[in-house]
$ cat entry.cif   # mmCIF, C-alpha atoms and all ligand atoms
data_start
#
loop_
_atom_site.label_atom_id
_atom_site.label_comp_id
_atom_site.auth_asym_id
_atom_site.auth_seq_id
_atom_site.Cartn_x
_atom_site.Cartn_y
_atom_site.Cartn_z
CA MET Q 202 100.06 82.50 76.16
CA ARG Q 203 102.96 83.98 78.14
CA SER Q 204 104.59 82.11 80.97
CA TYR Q 205 104.73 83.68 84.40
CA ALA Q 206 107.33 82.63 86.99
CA VAL Q 207 104.82 83.24 89.74
CA LEU Q 208 102.54 80.49 88.40
CA THR Q 209 105.47 78.07 88.22
CA GLU Q 210 106.35 79.00 91.79
CA LEU Q 211 102.85 78.08 92.98
CA ALA Q 212 102.56 74.82 91.03
CA GLY Q 213 101.59 71.96 93.32
CA LYS Q 214 101.25 74.28 96.32
CA LEU Q 215 98.56 75.52 98.69
CA VAL Q 216 97.48 79.16 98.54
CA VAL Q 217 95.32 80.52 101.34
CA SER Q 218 92.66 83.14 100.81
CA CYS Q 219 92.57 85.69 103.64
CA GLN Q 220 89.34 87.67 103.46
CA ALA Q 221 86.70 89.10 105.76
CA ASP Q 222 83.36 90.44 104.63
CA ALA Q 223 82.78 94.15 105.14
CA GLY Q 224 81.77 94.92 108.68
CA MET Q 225 82.99 91.61 110.12
CA PRO Q 226 85.29 91.76 113.18
CA LEU Q 227 88.33 90.70 111.09
CA ASP Q 228 87.67 93.33 108.41
CA GLY Q 229 90.84 95.45 108.62
CA GLU Q 230 94.29 95.44 107.12
CA SER Q 231 96.11 94.62 110.37
CA TYR Q 232 93.91 91.52 110.75
CA MET Q 233 94.44 90.49 107.13
CA LEU Q 234 98.18 90.87 107.58
CA ALA Q 235 98.08 88.79 110.77
CA LEU Q 236 96.09 86.09 108.95
CA ALA Q 237 98.51 86.15 106.02
CA ARG Q 238 101.52 85.87 108.33
CA SER Q 239 99.84 83.02 110.21
CA VAL Q 240 99.07 80.95 107.11
CA LEU Q 241 102.60 81.52 105.82
CA LEU Q 242 103.95 80.19 109.12
CA GLY Q 243 101.81 77.13 108.47
CA GLY Q 244 103.38 76.62 105.06
CA ALA Q 245 101.11 78.37 102.55
CA ALA Q 246 102.99 79.21 99.36
CA GLY Q 247 100.94 82.30 98.59
CA VAL Q 248 97.91 84.29 99.64
CA ARG Q 249 94.74 85.55 97.99
CA ILE Q 250 93.84 88.99 99.28
CA GLN Q 251 90.76 91.15 98.70
CA GLY Q 252 90.88 94.94 98.69
CA ILE Q 253 93.49 97.48 97.63
CA HIS Q 254 94.50 98.53 101.15
CA ASN Q 255 94.80 94.90 102.26
CA VAL Q 256 96.97 93.97 99.25
CA ARG Q 257 99.19 96.99 99.94
CA ALA Q 258 99.59 96.10 103.62
CA VAL Q 259 100.37 92.44 102.93
CA ARG Q 260 102.74 93.29 100.05
CA ALA Q 261 104.76 95.56 102.33
CA ALA Q 262 105.33 92.70 104.75
CA VAL Q 263 105.63 89.44 102.79
CA SER Q 264 107.45 88.32 99.65
CA VAL Q 265 105.28 85.35 98.61
CA PRO Q 266 102.99 85.59 95.57
CA ILE Q 267 99.80 87.55 96.14
CA ILE Q 268 96.62 86.94 94.17
CA GLY Q 269 94.81 90.26 94.41
CA LEU Q 270 91.16 90.99 93.81
CA VAL Q 271 88.62 93.67 94.55
CA LYS Q 272 85.08 92.85 95.59
CA ALA Q 273 82.73 95.65 94.66
CA SER Q 274 79.09 95.47 93.67
CA GLN Q 275 78.35 97.00 90.28
CA PRO Q 276 75.27 98.86 89.09
CA ASP Q 277 73.23 96.73 86.64
CA SER Q 278 75.60 93.78 86.94
CA PRO Q 279 75.79 90.76 89.25
CA VAL Q 280 79.58 90.47 88.96
CA TYR Q 281 81.49 91.60 92.03
CA ILE Q 282 85.06 90.26 91.72
CA THR Q 283 87.44 92.67 89.89
CA SER Q 284 85.34 93.77 86.95
CA ARG Q 285 86.92 97.09 85.99
CA VAL Q 286 90.25 98.12 84.48
CA GLN Q 287 90.66 100.81 87.14
CA GLU Q 288 90.51 98.08 89.81
CA VAL Q 289 93.18 96.14 87.92
CA GLU Q 290 95.38 99.26 87.89
CA ALA Q 291 94.91 99.81 91.62
CA LEU Q 292 95.70 96.15 92.43
CA ALA Q 293 98.83 96.33 90.29
CA ASP Q 294 99.92 99.53 92.06
CA ALA Q 295 99.28 97.86 95.42
CA GLY Q 296 101.64 95.00 94.56
CA ALA Q 297 99.56 92.00 93.45
CA ASP Q 298 101.42 89.38 91.36
CA ILE Q 299 98.32 87.68 89.96
CA ILE Q 300 95.03 89.44 89.46
CA ALA Q 301 91.83 87.45 89.88
CA PHE Q 302 88.80 88.75 88.02
CA ASP Q 303 85.23 87.64 87.27
CA ALA Q 304 85.06 85.87 83.91
CA THR Q 305 81.52 84.54 84.23
CA ASP Q 306 79.05 84.86 81.39
CA ARG Q 307 76.89 87.58 82.90
CA PRO Q 308 76.26 91.26 82.22
CA ARG Q 309 79.48 93.08 83.10
CA PRO Q 310 80.79 96.62 83.05
CA GLU Q 311 83.96 95.73 81.08
CA THR Q 312 84.88 92.79 78.87
CA VAL Q 313 87.07 89.83 79.78
CA PRO Q 314 89.59 90.62 76.96
CA ALA Q 315 89.85 94.23 78.21
CA LEU Q 316 90.61 93.04 81.75
CA CYS Q 317 93.19 90.50 80.52
CA GLN Q 318 94.85 93.18 78.42
CA ALA Q 319 95.05 95.58 81.37
CA ILE Q 320 96.55 92.86 83.60
CA HIS Q 321 99.15 91.92 80.99
CA ALA Q 322 100.01 95.57 80.36
CA ARG Q 323 101.23 95.65 83.98
CA GLY Q 324 103.25 92.45 83.50
CA LEU Q 325 100.97 90.42 85.78
CA ALA Q 326 99.27 87.05 85.41
CA ALA Q 327 95.51 86.88 84.85
CA MET Q 328 93.45 84.39 86.86
CA ALA Q 329 89.91 84.14 85.51
CA ASP Q 330 87.34 83.16 88.14
CA ILE Q 331 84.78 81.04 86.29
CA SER Q 332 81.74 78.89 87.02
CA THR Q 333 81.51 76.65 83.92
CA LEU Q 334 83.67 74.96 81.31
CA ALA Q 335 82.42 77.31 78.57
CA GLU Q 336 83.48 80.34 80.63
CA ALA Q 337 86.90 78.76 81.15
CA GLU Q 338 87.37 78.21 77.43
CA ALA Q 339 86.30 81.78 76.67
CA ALA Q 340 88.58 83.29 79.32
CA LEU Q 341 91.63 81.29 78.25
CA GLY Q 342 90.84 82.24 74.64
CA ALA Q 343 90.76 85.87 75.75
CA GLY Q 344 94.26 85.57 77.19
CA ALA Q 345 93.94 84.49 80.83
CA GLU Q 346 96.86 82.36 82.03
CA VAL Q 347 94.76 80.21 84.32
CA VAL Q 348 91.16 79.81 85.43
CA GLY Q 349 89.91 79.34 88.97
CA THR Q 350 86.84 77.24 89.79
CA THR Q 351 86.07 80.00 92.32
CA LEU Q 352 82.59 80.87 91.06
CA ALA Q 353 81.26 77.37 90.34
CA GLY Q 354 78.01 77.20 92.27
CA TYR Q 355 77.84 80.97 92.66
CA THR Q 356 76.13 81.76 89.33
CA ASP Q 357 72.57 80.77 88.50
CA HIS Q 358 73.71 78.80 85.47
CA SER Q 359 76.36 76.65 87.22
CA ARG Q 360 76.04 73.38 89.18
CA GLN Q 361 74.99 74.06 92.77
CA LEU Q 362 76.98 71.80 95.07
CA ASP Q 363 77.82 71.70 98.77
CA GLY Q 364 81.43 70.73 98.07
CA PRO Q 365 84.11 71.37 95.43
CA ASP Q 366 83.03 70.95 91.78
CA TYR Q 367 85.25 67.99 90.81
CA ALA Q 368 83.22 67.35 87.65
CA LEU Q 369 84.19 70.81 86.40
CA MET Q 370 87.81 70.13 87.35
CA GLN Q 371 87.70 66.84 85.41
CA ASP Q 372 86.25 68.59 82.37
CA LEU Q 373 89.05 71.18 82.52
CA ALA Q 374 91.72 68.51 83.02
CA LYS Q 375 90.40 66.38 80.13
CA ARG Q 376 90.92 69.35 77.80
CA ALA Q 377 94.32 70.17 79.33
CA LEU Q 378 93.07 73.62 80.38
CA PRO Q 379 95.16 75.18 83.18
CA PHE Q 380 93.09 75.53 86.34
CA VAL Q 381 93.26 76.39 90.00
CA ALA Q 382 90.90 74.57 92.35
CA GLU Q 383 89.09 77.05 94.58
CA GLY Q 384 85.77 77.07 96.38
CA ARG Q 385 84.30 75.01 99.23
CA ILE Q 386 87.46 72.97 99.87
CA TRP Q 387 87.19 72.12 103.55
CA THR Q 388 89.63 69.27 104.18
CA PRO Q 389 93.21 68.30 103.27
CA GLU Q 390 91.75 65.22 101.55
CA GLU Q 391 89.58 67.41 99.32
CA ALA Q 392 92.61 69.54 98.44
CA GLN Q 393 94.58 66.38 97.62
CA ARG Q 394 91.78 65.17 95.36
CA ALA Q 395 91.83 68.52 93.54
CA PHE Q 396 95.56 68.07 92.87
CA GLU Q 397 94.96 64.49 91.73
CA THR Q 398 92.30 65.82 89.36
CA GLY Q 399 94.88 68.11 87.78
CA ALA Q 400 94.78 71.45 89.60
CA GLN Q 401 97.90 73.58 89.15
CA PHE Q 402 97.48 74.84 92.67
CA VAL Q 403 94.75 74.90 95.28
CA VAL Q 404 93.22 77.89 97.07
CA VAL Q 405 91.51 77.37 100.42
CA GLY Q 406 89.79 80.22 102.23
CA SER Q 407 86.94 79.83 104.70
CA ALA Q 408 88.14 76.50 106.14
CA ILE Q 409 91.30 78.24 107.37
CA THR Q 410 90.63 81.95 107.72
CA ARG Q 411 86.96 82.55 108.57
CA PRO Q 412 86.40 81.66 112.24
CA ASP Q 413 82.76 82.73 112.10
CA VAL Q 414 82.00 80.32 109.24
CA ILE Q 415 84.02 77.51 110.82
CA THR Q 416 82.23 77.97 114.15
CA ARG Q 417 78.83 78.02 112.42
CA ARG Q 418 79.61 74.65 110.81
CA PHE Q 419 80.31 73.16 114.23
CA ILE Q 420 77.13 74.67 115.66
CA ASP Q 421 74.97 73.50 112.74
CA HIS Q 422 76.36 69.99 113.00
CA LEU Q 423 75.93 69.84 116.76
CA ASN Q 424 72.39 71.19 116.53
CA GLN Q 425 71.48 68.25 114.33
CA SER Q 426 72.72 65.72 116.88
CA PRO Q 427 70.21 64.14 119.31
CA GLN Q 428 72.34 65.27 122.30
CA ALA Q 429 72.20 68.93 121.29
CA LYS Q 430 70.68 71.34 123.77
CA SER Q 431 68.07 73.52 122.14
C1 LIG J 501 82.40 82.98 95.69
C2 LIG J 501 83.33 84.04 96.23
O1 LIG J 501 82.94 85.19 96.35
N1 LIG J 501 84.58 83.64 96.54
C3 LIG J 501 85.53 84.57 97.11
C4 LIG J 501 86.63 84.79 96.19
O2 LIG J 501 87.62 85.40 96.41
C5 LIG J 501 85.90 84.24 98.53
O3 LIG J 501 84.84 84.71 99.34
C6 LIG J 501 86.19 82.77 98.92
O4 LIG J 501 86.46 82.71 100.29
C7 LIG J 501 87.38 82.17 98.15
O5 LIG J 501 87.02 81.96 96.81
C8 LIG J 501 87.85 80.82 98.72
O6 LIG J 501 86.80 79.91 98.73
P1 LIG J 501 86.39 79.16 100.07
O7 LIG J 501 86.21 80.20 101.14
O8 LIG J 501 85.11 78.43 99.75
O9 LIG J 501 87.52 78.20 100.40
#
$ encode --input "entry.cif" --output "structure tokens" --more "lines below"
Ligand SMILES: CC(=O)N[C@H](C=O)[C@@H](O)[C@H](O)[C@H](O)COP(=O)(O)O
Amino acid sequence: MRSYAVLTELAGKLVVSCQADAGMPLDGESYMLALARSVLLGGAAGVRIQGIHNVRAVRAAVSVPIIGLVKASQPDSPVYITSRVQEVEALADAGADIIAFDATDRPRPETVPALCQAIHARGLAAMADISTLAEAEAALGAGAEVVGTTLAGYTDHSRQLDGPDYALMQDLAKRALPFVAEGRIWTPEEAQRAFETGAQFVVVGSAITRPDVITRRFIDHLNQSPQAKS
């Protein structure tokens, strides 16, 4: 496995995912750039950015590491995070330093080794988004530098949890497999626990950059309280 300076640079640090679903009010490159600049002001060491135009816009303005990905639904396949070599090429052209791709064990348009090879051919680091230990082992065996717990709870065959999947992190740590903690991390304490469990770095998204989701959590909680107005 090659070593990538960008992974060393992020070790022990917080990366913030800046994403908006298609059609949401923050869906637009100027908004993504503003979010990226804001989280960097707050001390994020890097950003995770979805979409070619967003990666290009953020790359032009910031020098921190960018984890790039493309979300695109595929015909006859449930995978939607970077699943094609042509997406890898476009992310590399746009200036990503690390490319995140779906490495789950599901029908896919192109294989995990083919994606890793395409990422490495551009001199970039491969971050395999996985949902289980077996997927992590397969992806690292196929050449990925690091796995992300990103898709734990988002495949039918993985543990469905409300919070971060620490059991998966522990399994990865026990086997000394390099991993990034990502997915449903809502508090600084949860991020700290992920580091204590052995994460190389931690990625937080919704808790910082999705005001609609954050607001909904407040509303849902308040609606459950006896004082709530119906
Ligand atoms: C499952 C999936 O599609 N995850 C996506 C991956 O890029 C993003 O929608 C998440 O926001 C990101 O993983 C960060 O996670 P959280 O927002 O829970 O902190």
$ residues_near_ligand --input "entry.cif" --ligand "ligand LIG 501 (chain J)" --cutoff "7 Å" --atoms "all atoms listed in the file" --output "list of chain:residue names"
Q:Ser218, Q:Gln220, Q:Gln251, Q:Thr351, Q:Leu352, Q:Tyr355, Q:Glu383, Q:Gly384, Q:Arg385, Q:Ile386, Q:Trp387, Q:Val404, Q:Val405, Q:Gly406, Q:Ser407, Q:Ala408
$ atom_distance --input "entry.cif" --atom1 "CA of Thr416 (chain Q)" --atom2 "CA of Tyr367 (chain Q)"
25.6 Å
$ residues_around --input "entry.cif" --residues "region 317-322 of chain Q" --least-positions-apart "6" --cutoff "8 Å" --atoms "all atoms listed in the file" --output "MDAnalysis selection string"
chainID Q and resid 286 289:290 293 300 343:345
$ write_last_selection --input "entry.cif" --atoms "C-alpha atoms" --output "PDB file, keeping the file's coordinate frame"
ATOM      1  CA  VAL Q 286      90.250  98.120  84.480  1.00  0.00           C
ATOM      2  CA  VAL Q 289      93.180  96.140  87.920  1.00  0.00           C
ATOM      3  CA  GLU Q 290      95.380  99.260  87.890  1.00  0.00           C
ATOM      4  CA  ALA Q 293      98.830  96.330  90.290  1.00  0.00           C
ATOM      5  CA  ILE Q 300      95.030  89.440  89.460  1.00  0.00           C
ATOM      6  CA  ALA Q 343      90.760  85.870  75.750  1.00  0.00           C
ATOM      7  CA  GLY Q 344      94.260  85.570  77.190  1.00  0.00           C
ATOM      8  CA  ALA Q 345      93.940  84.490  80.830  1.00  0.00           C
TER       9      ALA Q 345
END
$ closest_residue --input "entry.cif" --among "Q:Ala246, Q:Ala301, Q:Ala368, Q:Val414" --to "Lys214 (chain Q)" --atoms "only C-alpha atoms"
Q:Ala246
$ closest_residue --input "entry.cif" --among "Q:Ser264, Q:Gln428, Q:Thr305, Q:Gln401" --to "Tyr281 (chain Q)" --atoms "all atoms listed in the file"
Q:Thr305
$ decode --input "entry.cif" --residues "region 337-358 of chain Q" --atoms "N, CA and C atoms" --output "PDB file, in the first residue's frame"
ATOM      1  N   ALA Q 337     -14.738  -3.860   4.238  1.00  0.00           N
ATOM      2  CA  ALA Q 337     -13.489  -3.144   4.513  1.00  0.00           C
ATOM      3  C   ALA Q 337     -12.296  -4.001   4.129  1.00  0.00           C
ATOM      4  N   GLU Q 338     -12.328  -5.261   4.528  1.00  0.00           N
ATOM      5  CA  GLU Q 338     -11.200  -6.157   4.211  1.00  0.00           C
ATOM      6  C   GLU Q 338     -11.042  -6.307   2.702  1.00  0.00           C
ATOM      7  N   ALA Q 339     -12.169  -6.436   2.005  1.00  0.00           N
ATOM      8  CA  ALA Q 339     -12.104  -6.594   0.547  1.00  0.00           C
ATOM      9  C   ALA Q 339     -11.553  -5.326  -0.112  1.00  0.00           C
ATOM     10  N   ALA Q 340     -12.006  -4.175   0.350  1.00  0.00           N
ATOM     11  CA  ALA Q 340     -11.571  -2.917  -0.275  1.00  0.00           C
ATOM     12  C   ALA Q 340     -10.091  -2.656  -0.030  1.00  0.00           C
ATOM     13  N   LEU Q 341      -9.639  -2.919   1.194  1.00  0.00           N
ATOM     14  CA  LEU Q 341      -8.215  -2.710   1.486  1.00  0.00           C
ATOM     15  C   LEU Q 341      -7.380  -3.718   0.697  1.00  0.00           C
ATOM     16  N   GLY Q 342      -7.901  -4.930   0.550  1.00  0.00           N
ATOM     17  CA  GLY Q 342      -7.221  -5.937  -0.269  1.00  0.00           C
ATOM     18  C   GLY Q 342      -7.152  -5.526  -1.729  1.00  0.00           C
ATOM     19  N   ALA Q 343      -8.138  -4.746  -2.156  1.00  0.00           N
ATOM     20  CA  ALA Q 343      -8.181  -4.300  -3.554  1.00  0.00           C
ATOM     21  C   ALA Q 343      -7.327  -3.056  -3.781  1.00  0.00           C
ATOM     22  N   GLY Q 344      -6.759  -2.513  -2.691  1.00  0.00           N
ATOM     23  CA  GLY Q 344      -5.827  -1.400  -2.866  1.00  0.00           C
ATOM     24  C   GLY Q 344      -6.225  -0.082  -2.245  1.00  0.00           C
ATOM     25  N   ALA Q 345      -7.407   0.009  -1.631  1.00  0.00           N
ATOM     26  CA  ALA Q 345      -7.787   1.279  -1.001  1.00  0.00           C
ATOM     27  C   ALA Q 345      -6.815   1.605   0.133  1.00  0.00           C
ATOM     28  N   GLU Q 346      -6.546   2.912   0.320  1.00  0.00           N
ATOM     29  CA  GLU Q 346      -5.639   3.313   1.405  1.00  0.00           C
ATOM     30  C   GLU Q 346      -6.340   3.293   2.754  1.00  0.00           C
ATOM     31  N   VAL Q 347      -7.623   3.598   2.727  1.00  0.00           N
ATOM     32  CA  VAL Q 347      -8.368   3.745   3.983  1.00  0.00           C
ATOM     33  C   VAL Q 347      -9.845   3.450   3.695  1.00  0.00           C
ATOM     34  N   VAL Q 348     -10.552   2.965   4.713  1.00  0.00           N
ATOM     35  CA  VAL Q 348     -11.996   2.796   4.547  1.00  0.00           C
ATOM     36  C   VAL Q 348     -12.722   3.823   5.411  1.00  0.00           C
ATOM     37  N   GLY Q 349     -13.917   4.183   4.998  1.00  0.00           N
ATOM     38  CA  GLY Q 349     -14.769   5.060   5.793  1.00  0.00           C
ATOM     39  C   GLY Q 349     -15.996   4.275   6.222  1.00  0.00           C
ATOM     40  N   THR Q 350     -16.431   4.480   7.459  1.00  0.00           N
ATOM     41  CA  THR Q 350     -17.627   3.778   7.951  1.00  0.00           C
ATOM     42  C   THR Q 350     -18.910   4.435   7.412  1.00  0.00           C
ATOM     43  N   THR Q 351     -18.749   5.282   6.446  1.00  0.00           N
ATOM     44  CA  THR Q 351     -19.799   6.094   5.826  1.00  0.00           C
ATOM     45  C   THR Q 351     -21.126   5.382   5.566  1.00  0.00           C
ATOM     46  N   LEU Q 352     -21.058   4.142   5.084  1.00  0.00           N
ATOM     47  CA  LEU Q 352     -22.278   3.482   4.622  1.00  0.00           C
ATOM     48  C   LEU Q 352     -22.809   2.450   5.610  1.00  0.00           C
ATOM     49  N   ALA Q 353     -22.211   2.379   6.805  1.00  0.00           N
ATOM     50  CA  ALA Q 353     -22.743   1.490   7.848  1.00  0.00           C
ATOM     51  C   ALA Q 353     -24.141   1.970   8.222  1.00  0.00           C
ATOM     52  N   GLY Q 354     -25.105   1.085   8.093  1.00  0.00           N
ATOM     53  CA  GLY Q 354     -26.485   1.454   8.387  1.00  0.00           C
ATOM     54  C   GLY Q 354     -27.249   1.892   7.154  1.00  0.00           C
ATOM     55  N   TYR Q 355     -26.538   2.027   6.031  1.00  0.00           N
ATOM     56  CA  TYR Q 355     -27.192   2.472   4.798  1.00  0.00           C
ATOM     57  C   TYR Q 355     -27.255   1.369   3.738  1.00  0.00           C
ATOM     58  N   THR Q 356     -26.872   0.138   4.118  1.00  0.00           N
ATOM     59  CA  THR Q 356     -27.115  -1.017   3.239  1.00  0.00           C
ATOM     60  C   THR Q 356     -28.028  -1.965   4.018  1.00  0.00           C
ATOM     61  N   ASP Q 357     -28.764  -2.780   3.285  1.00  0.00           N
ATOM     62  CA  ASP Q 357     -29.703  -3.698   3.947  1.00  0.00           C
ATOM     63  C   ASP Q 357     -28.980  -4.699   4.835  1.00  0.00           C
ATOM     64  N   HIS Q 358     -27.748  -5.032   4.469  1.00  0.00           N
ATOM     65  CA  HIS Q 358     -27.034  -6.083   5.190  1.00  0.00           C
ATOM     66  C   HIS Q 358     -26.152  -5.547   6.319  1.00  0.00           C
TER      67      HIS Q 358
END
